[in-house]
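Have a look at the structure below before the remarks.
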Amino acid sequence: MRIQLSHSFSDIISIENLLEAWEEFAKGKKKRQDVQEFSLSLMDNILNLHNDLRNHIYEHGSYQSFRICDPKPRHIHKASVRDRLLHHAVHRVLYPFFERVFIADSFSCRKGKGTHRAINRFRAFYYKVSKNDTQTCWILKCDIQQFFASIDHDVLLATLAQYIPDKDILWLLERIIGSFSTKAGMGLPLGNLTSQLFVNVYMNEFDQFVKHKIKARYYVRYADDFLVANFTNFNELSRIAEFLKEKLKLELHPRKTFVATLSSGLDFLGWVHFPDHRVLRTATKRRMMKRVAECPSPETLASYSGLLGHGNAKKLEKLISIGIAFQNATDWHTKPPLLS
């Protein structure tokens with residue numbers, strides 16, 4: 001018997017929760033035009049949203065589509081301020097519950113997790129299995145093809161229903177999930193806060209399978225990117241592929257699924273890992289330098305400087321540091337010569 005969410009629909013749609021969700025949502029966005037327009041009649045907008053939800057007449061709006069390159073090209077779909085406010089209200093109630101459901105070694109879009117901790121966890125597993133790099137450690141590395149676009153709505157809603165007994169909450173989640181599709185009954189938008197939670201709920205079924213059926217002790221997952229250290233039974237790969245296809249309607253990426261050691265380098269979460277060091281992936285490096293050249297802002301430079309500190313990238317770190325020093329001393333409407 002799975003644990004059940006104790007919160008009710010009224011907890012999500014309450015004025016108090018909507019107001020607190022607004023404070024979370026609006027943080028750092030108050031200068032944006034759409035946020036300012038919504039805030040001009042904030043209480044009226046929140047009351048209208050509350051009443052639509054309470055009367056079950058709420059309908060999710062359409063999305064604005066655009067592309068970003070951070071760190072790789074992505075197609076983002078942005079909902080209206082009203083709908084994003086609701087996403088935050090839903091997330092505030094559901095996330096703390098599902099956080100207790102997820103395994104420790106799932107690192108995507110969770111508080112206190114992230115890519116760097118996922119990488120460090122993998123490194124700890126590697127050194128343990130290889131006995132500090134004195135024995136061969138085979139690693140299964142996998143990636144799911146067209147991950148967000150392939151999420152099956154019916155499978156997701158059925159999984160959520162196993163944890164959420166409140167039919168009104170499920171009605172609301174169906175409205176949010178059904179507001180977007182890449183094709184009939186499939187796909188989640190990358191821009192939604194709720195999508196981050198939903199994919200973790202979806203993939204938690206796989207996490208539990210790997211941990212309890214495959215019995216993989218050294219398993220790390222970040223979104224659709226996962227690996228298993230000390231992978232010695234090659235027959236298990238077919239079981240993994242079968243579970244993903246039959247239970248979750250997902251396919252392994254044929255060019256990004258392999259078994260290897262670290263001796264020739266293993267690509268995981270933007271870094272190429274070797275037994276005693278890791279270097280930034282070439283494609284990531286190129287995108288980073290292009291981004292810095294196009295937008296040498298303090299935030300961009302500081303972000304990449306922090307990223308490079310997690311691997312062997314001294315030359316790149318020095319280049320970024322020069323850029324930061326140059327920025328502090330000049331008018332940054334021009335590009336620093338070393339970064340152009």
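Order determines the names: the first chain of the structure tokens is A, the second B, and so forth; residues in each chain are numbered 1 upward, and ligands are numbered 1 upward as they are shown.
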
Original post:
Could you pull out the helix (DSSP H, G or I) residues of range 23-103 of chain A from DSSP and send them as an MDAnalysis selection string?
Top reply: chainID A and resid 23:26 33:40 42:54 81:99

**OP:** Would you kindly return, as an NGL selection string, each protein, DNA or RNA residue with an atom no farther than 12 Å from any atom of Phe198 in chain A, considering only C-alpha atoms and excluding same-chain residues fewer than 5 positions away?
**Re:** :A and (87 or 90-91 or 94-95 or 98-99 or 102 or 108-109 or 148 or 151-153 or 155-160 or 173-174 or 176-177 or 187-190 or 192-193 or 203-205 or 223)

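Every protein or nucleic acid residue with an atom no more than 7 Å from Asp225 in chain A, counting only C-alpha atoms and leaving out same-chain residues fewer than 3 positions away, appears here: Cys142, Asp143, Ile144, Arg221 and Tyr222 of chain A.
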
Write a file of the selected residues as a PDB file, in the first residue's frame, keeping N, CA, C and O atoms.
ATOM      1  N   CYS A 142      22.856   5.544 -19.638  1.00  0.00           N
ATOM      2  CA  CYS A 142      21.666   5.583 -20.493  1.00  0.00           C
ATOM      3  C   CYS A 142      21.055   6.977 -20.551  1.00  0.00           C
ATOM      4  O   CYS A 142      21.237   7.796 -19.642  1.00  0.00           O
ATOM      5  N   ASP A 143      20.320   7.196 -21.606  1.00  0.00           N
ATOM      6  CA  ASP A 143      19.597   8.449 -21.823  1.00  0.00           C
ATOM      7  C   ASP A 143      18.276   8.080 -22.488  1.00  0.00           C
ATOM      8  O   ASP A 143      18.230   7.167 -23.311  1.00  0.00           O
ATOM      9  N   ILE A 144      17.206   8.778 -22.135  1.00  0.00           N
ATOM     10  CA  ILE A 144      15.896   8.481 -22.703  1.00  0.00           C
ATOM     11  C   ILE A 144      15.620   9.403 -23.886  1.00  0.00           C
ATOM     12  O   ILE A 144      15.836  10.617 -23.805  1.00  0.00           O
ATOM     13  N   ARG A 221      20.384   8.993 -10.962  1.00  0.00           N
ATOM     14  CA  ARG A 221      19.572   9.548 -12.064  1.00  0.00           C
ATOM     15  C   ARG A 221      19.429  11.053 -11.913  1.00  0.00           C
ATOM     16  O   ARG A 221      19.208  11.557 -10.817  1.00  0.00           O
ATOM     17  N   TYR A 222      19.569  11.747 -13.050  1.00  0.00           N
ATOM     18  CA  TYR A 222      19.258  13.171 -13.130  1.00  0.00           C
ATOM     19  C   TYR A 222      18.353  13.349 -14.343  1.00  0.00           C
ATOM     20  O   TYR A 222      18.810  13.239 -15.479  1.00  0.00           O
TER      21      TYR A 222
END

Original post:
How would you write, as number ranges by chain, the set of residues in range 62-215 of chain A that DSSP gives as strand (DSSP E)?
Top reply: A: 64-69, 73-78, 139-143

Could you pull the residues within 12 Å of Lys128 in chain A, counting only C-alpha atoms, minus those fewer than 4 positions along the same chain, as a PDB file with all heavy atoms, in the first residue's frame?
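Output file selection-v2.pdb is given in full below:
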ATOM      1  N   ARG A 121      28.073  12.043  -6.262  1.00  0.00           N
ATOM      2  CA  ARG A 121      27.563  10.742  -5.840  1.00  0.00           C
ATOM      3  C   ARG A 121      28.089   9.643  -6.763  1.00  0.00           C
ATOM      4  O   ARG A 121      28.505   8.576  -6.306  1.00  0.00           O
ATOM      5  CB  ARG A 121      26.035  10.766  -5.858  1.00  0.00           C
ATOM      6  CG  ARG A 121      25.368   9.486  -5.380  1.00  0.00           C
ATOM      7  CD  ARG A 121      25.636   9.221  -3.923  1.00  0.00           C
ATOM      8  NE  ARG A 121      24.700   8.231  -3.392  1.00  0.00           N
ATOM      9  CZ  ARG A 121      24.874   7.577  -2.256  1.00  0.00           C
ATOM     10  NH1 ARG A 121      25.959   7.805  -1.512  1.00  0.00           N
ATOM     11  NH2 ARG A 121      23.978   6.712  -1.833  1.00  0.00           N
ATOM     12  N   PHE A 122      28.068   9.920  -8.053  1.00  0.00           N
ATOM     13  CA  PHE A 122      28.613   8.962  -9.013  1.00  0.00           C
ATOM     14  C   PHE A 122      30.087   8.691  -8.746  1.00  0.00           C
ATOM     15  O   PHE A 122      30.536   7.537  -8.753  1.00  0.00           O
ATOM     16  CB  PHE A 122      28.411   9.485 -10.432  1.00  0.00           C
ATOM     17  CG  PHE A 122      29.318   8.867 -11.451  1.00  0.00           C
ATOM     18  CD1 PHE A 122      29.334   7.495 -11.642  1.00  0.00           C
ATOM     19  CD2 PHE A 122      30.166   9.655 -12.217  1.00  0.00           C
ATOM     20  CE1 PHE A 122      30.184   6.917 -12.576  1.00  0.00           C
ATOM     21  CE2 PHE A 122      31.012   9.087 -13.151  1.00  0.00           C
ATOM     22  CZ  PHE A 122      31.022   7.716 -13.334  1.00  0.00           C
ATOM     23  N   ARG A 123      30.859   9.749  -8.483  1.00  0.00           N
ATOM     24  CA  ARG A 123      32.286   9.571  -8.220  1.00  0.00           C
ATOM     25  C   ARG A 123      32.514   8.721  -6.965  1.00  0.00           C
ATOM     26  O   ARG A 123      33.397   7.869  -6.924  1.00  0.00           O
ATOM     27  CB  ARG A 123      32.975  10.929  -8.042  1.00  0.00           C
ATOM     28  CG  ARG A 123      32.911  11.843  -9.239  1.00  0.00           C
ATOM     29  CD  ARG A 123      33.689  11.334 -10.419  1.00  0.00           C
ATOM     30  NE  ARG A 123      35.130  11.356 -10.202  1.00  0.00           N
ATOM     31  CZ  ARG A 123      36.016  11.085 -11.145  1.00  0.00           C
ATOM     32  NH1 ARG A 123      35.607  10.779 -12.364  1.00  0.00           N
ATOM     33  NH2 ARG A 123      37.305  11.117 -10.887  1.00  0.00           N
ATOM     34  N   ALA A 124      31.693   8.960  -5.951  1.00  0.00           N
ATOM     35  CA  ALA A 124      31.812   8.168  -4.718  1.00  0.00           C
ATOM     36  C   ALA A 124      31.518   6.699  -4.997  1.00  0.00           C
ATOM     37  O   ALA A 124      32.215   5.802  -4.493  1.00  0.00           O
ATOM     38  CB  ALA A 124      30.861   8.714  -3.658  1.00  0.00           C
ATOM     39  N   ASN A 132      39.103   2.386  -5.117  1.00  0.00           N
ATOM     40  CA  ASN A 132      40.020   3.508  -5.390  1.00  0.00           C
ATOM     41  C   ASN A 132      40.812   3.307  -6.677  1.00  0.00           C
ATOM     42  O   ASN A 132      42.028   3.501  -6.722  1.00  0.00           O
ATOM     43  CB  ASN A 132      40.950   3.747  -4.209  1.00  0.00           C
ATOM     44  CG  ASN A 132      40.210   4.306  -3.023  1.00  0.00           C
ATOM     45  OD1 ASN A 132      39.245   5.054  -3.176  1.00  0.00           O
ATOM     46  ND2 ASN A 132      40.648   3.932  -1.825  1.00  0.00           N
ATOM     47  N   ASP A 133      40.076   2.906  -7.713  1.00  0.00           N
ATOM     48  CA  ASP A 133      40.625   2.768  -9.051  1.00  0.00           C
ATOM     49  C   ASP A 133      41.702   1.688  -9.151  1.00  0.00           C
ATOM     50  O   ASP A 133      42.653   1.810  -9.933  1.00  0.00           O
ATOM     51  CB  ASP A 133      41.186   4.121  -9.550  1.00  0.00           C
ATOM     52  CG  ASP A 133      41.355   4.156 -11.057  1.00  0.00           C
ATOM     53  OD1 ASP A 133      40.536   3.531 -11.752  1.00  0.00           O
ATOM     54  OD2 ASP A 133      42.311   4.795 -11.532  1.00  0.00           O
ATOM     55  N   THR A 134      41.537   0.625  -8.401  1.00  0.00           N
ATOM     56  CA  THR A 134      42.470  -0.508  -8.494  1.00  0.00           C
ATOM     57  C   THR A 134      41.815  -1.706  -9.180  1.00  0.00           C
ATOM     58  O   THR A 134      42.497  -2.673  -9.501  1.00  0.00           O
ATOM     59  CB  THR A 134      42.962  -0.941  -7.100  1.00  0.00           C
ATOM     60  OG1 THR A 134      41.828  -1.353  -6.308  1.00  0.00           O
ATOM     61  CG2 THR A 134      43.690   0.207  -6.411  1.00  0.00           C
ATOM     62  N   GLN A 135      40.493  -1.649  -9.405  1.00  0.00           N
ATOM     63  CA  GLN A 135      39.779  -2.725 -10.082  1.00  0.00           C
ATOM     64  C   GLN A 135      38.885  -2.131 -11.168  1.00  0.00           C
ATOM     65  O   GLN A 135      38.443  -0.986 -11.059  1.00  0.00           O
ATOM     66  CB  GLN A 135      38.922  -3.531  -9.092  1.00  0.00           C
ATOM     67  CG  GLN A 135      39.736  -4.270  -8.036  1.00  0.00           C
ATOM     68  CD  GLN A 135      38.856  -5.127  -7.143  1.00  0.00           C
ATOM     69  OE1 GLN A 135      37.679  -5.313  -7.414  1.00  0.00           O
ATOM     70  NE2 GLN A 135      39.445  -5.651  -6.077  1.00  0.00           N
ATOM     71  N   THR A 136      38.612  -2.930 -12.196  1.00  0.00           N
ATOM     72  CA  THR A 136      37.768  -2.461 -13.298  1.00  0.00           C
ATOM     73  C   THR A 136      36.330  -2.270 -12.823  1.00  0.00           C
ATOM     74  O   THR A 136      35.762  -3.128 -12.147  1.00  0.00           O
ATOM     75  CB  THR A 136      37.787  -3.463 -14.461  1.00  0.00           C
ATOM     76  OG1 THR A 136      39.133  -3.609 -14.924  1.00  0.00           O
ATOM     77  CG2 THR A 136      36.903  -2.988 -15.603  1.00  0.00           C
ATOM     78  N   CYS A 137      35.758  -1.127 -13.183  1.00  0.00           N
ATOM     79  CA  CYS A 137      34.363  -0.819 -12.846  1.00  0.00           C
ATOM     80  C   CYS A 137      33.609  -0.549 -14.131  1.00  0.00           C
ATOM     81  O   CYS A 137      33.836   0.469 -14.798  1.00  0.00           O
ATOM     82  CB  CYS A 137      34.294   0.395 -11.920  1.00  0.00           C
ATOM     83  SG  CYS A 137      32.613   0.976 -11.588  1.00  0.00           S
ATOM     84  N   ARG A 217      22.648  -1.237  -6.603  1.00  0.00           N
ATOM     85  CA  ARG A 217      23.037  -0.437  -5.443  1.00  0.00           C
ATOM     86  C   ARG A 217      23.641   0.899  -5.854  1.00  0.00           C
ATOM     87  O   ARG A 217      23.508   1.888  -5.139  1.00  0.00           O
ATOM     88  CB  ARG A 217      24.057  -1.207  -4.588  1.00  0.00           C
ATOM     89  CG  ARG A 217      23.510  -2.458  -3.924  1.00  0.00           C
ATOM     90  CD  ARG A 217      24.605  -3.155  -3.134  1.00  0.00           C
ATOM     91  NE  ARG A 217      25.135  -2.300  -2.075  1.00  0.00           N
ATOM     92  CZ  ARG A 217      26.211  -2.592  -1.343  1.00  0.00           C
ATOM     93  NH1 ARG A 217      26.876  -3.712  -1.600  1.00  0.00           N
ATOM     94  NH2 ARG A 217      26.624  -1.776  -0.404  1.00  0.00           N
ATOM     95  N   TYR A 218      24.296   0.928  -7.004  1.00  0.00           N
ATOM     96  CA  TYR A 218      25.070   2.112  -7.387  1.00  0.00           C
ATOM     97  C   TYR A 218      24.416   2.801  -8.592  1.00  0.00           C
ATOM     98  O   TYR A 218      24.950   2.821  -9.702  1.00  0.00           O
ATOM     99  CB  TYR A 218      26.512   1.713  -7.676  1.00  0.00           C
ATOM    100  CG  TYR A 218      27.128   0.927  -6.542  1.00  0.00           C
ATOM    101  CD1 TYR A 218      27.383  -0.439  -6.666  1.00  0.00           C
ATOM    102  CD2 TYR A 218      27.425   1.545  -5.326  1.00  0.00           C
ATOM    103  CE1 TYR A 218      27.937  -1.162  -5.620  1.00  0.00           C
ATOM    104  CE2 TYR A 218      27.971   0.831  -4.274  1.00  0.00           C
ATOM    105  CZ  TYR A 218      28.219  -0.521  -4.426  1.00  0.00           C
ATOM    106  OH  TYR A 218      28.750  -1.233  -3.379  1.00  0.00           O
ATOM    107  N   ALA A 229      26.682   2.015 -11.765  1.00  0.00           N
ATOM    108  CA  ALA A 229      28.067   1.586 -11.598  1.00  0.00           C
ATOM    109  C   ALA A 229      28.094   0.130 -11.136  1.00  0.00           C
ATOM    110  O   ALA A 229      27.123  -0.354 -10.543  1.00  0.00           O
ATOM    111  CB  ALA A 229      28.779   2.485 -10.593  1.00  0.00           C
ATOM    112  N   ASN A 230      29.200  -0.548 -11.416  1.00  0.00           N
ATOM    113  CA  ASN A 230      29.349  -1.967 -11.085  1.00  0.00           C
ATOM    114  C   ASN A 230      28.310  -2.800 -11.844  1.00  0.00           C
ATOM    115  O   ASN A 230      27.700  -3.714 -11.295  1.00  0.00           O
ATOM    116  CB  ASN A 230      29.221  -2.217  -9.586  1.00  0.00           C
ATOM    117  CG  ASN A 230      29.778  -3.569  -9.180  1.00  0.00           C
ATOM    118  OD1 ASN A 230      30.697  -4.081  -9.813  1.00  0.00           O
ATOM    119  ND2 ASN A 230      29.224  -4.153  -8.130  1.00  0.00           N
TER     120      ASN A 230
END

**OP:** Might you pull out every residue within 9 Å of range 236-246 of chain A, with only C-alpha atoms counted and same-chain residues fewer than 4 positions away left off, and present them as a ChimeraX atom specification?
**Re:** /A:140,206,209-210,214,231-232,250-252

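As for CA of Tyr163 in chain A and CA of Ser14 in chain A, they are spaced 21.2 Å apart.
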
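With only C-alpha atoms as the atoms that count, the minimum distance from His50 in chain A to the choices A:Ile76, A:Ala149, A:Val81, A:Leu18 is reached by A:Leu18.
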
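From CA of Gln162 in chain A back to CA of Asp207 in chain A, the distance works out to 16.2 Å.
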
Subject >> Within 9 Å of Asp83 in chain A using only C-alpha atoms, minus same-chain residues under 5 positions, as number ranges by chain >> reply: A: 60-61, 88, 176

Subject >> Selected residue, from A:Ser150, A:Gln145, A:Asn120, A:Thr194, that lies nearest to His273 in chain A when counting only C-alpha atoms >> reply: A:Asn120

**OP:** Identify which of the residues A:Ser80, A:Ser263, A:Ser62, A:Gln196 lies closest to Phe107 in chain A, counting only C-alpha atoms when measuring atom-to-atom distances.
**Re:** A:Gln196
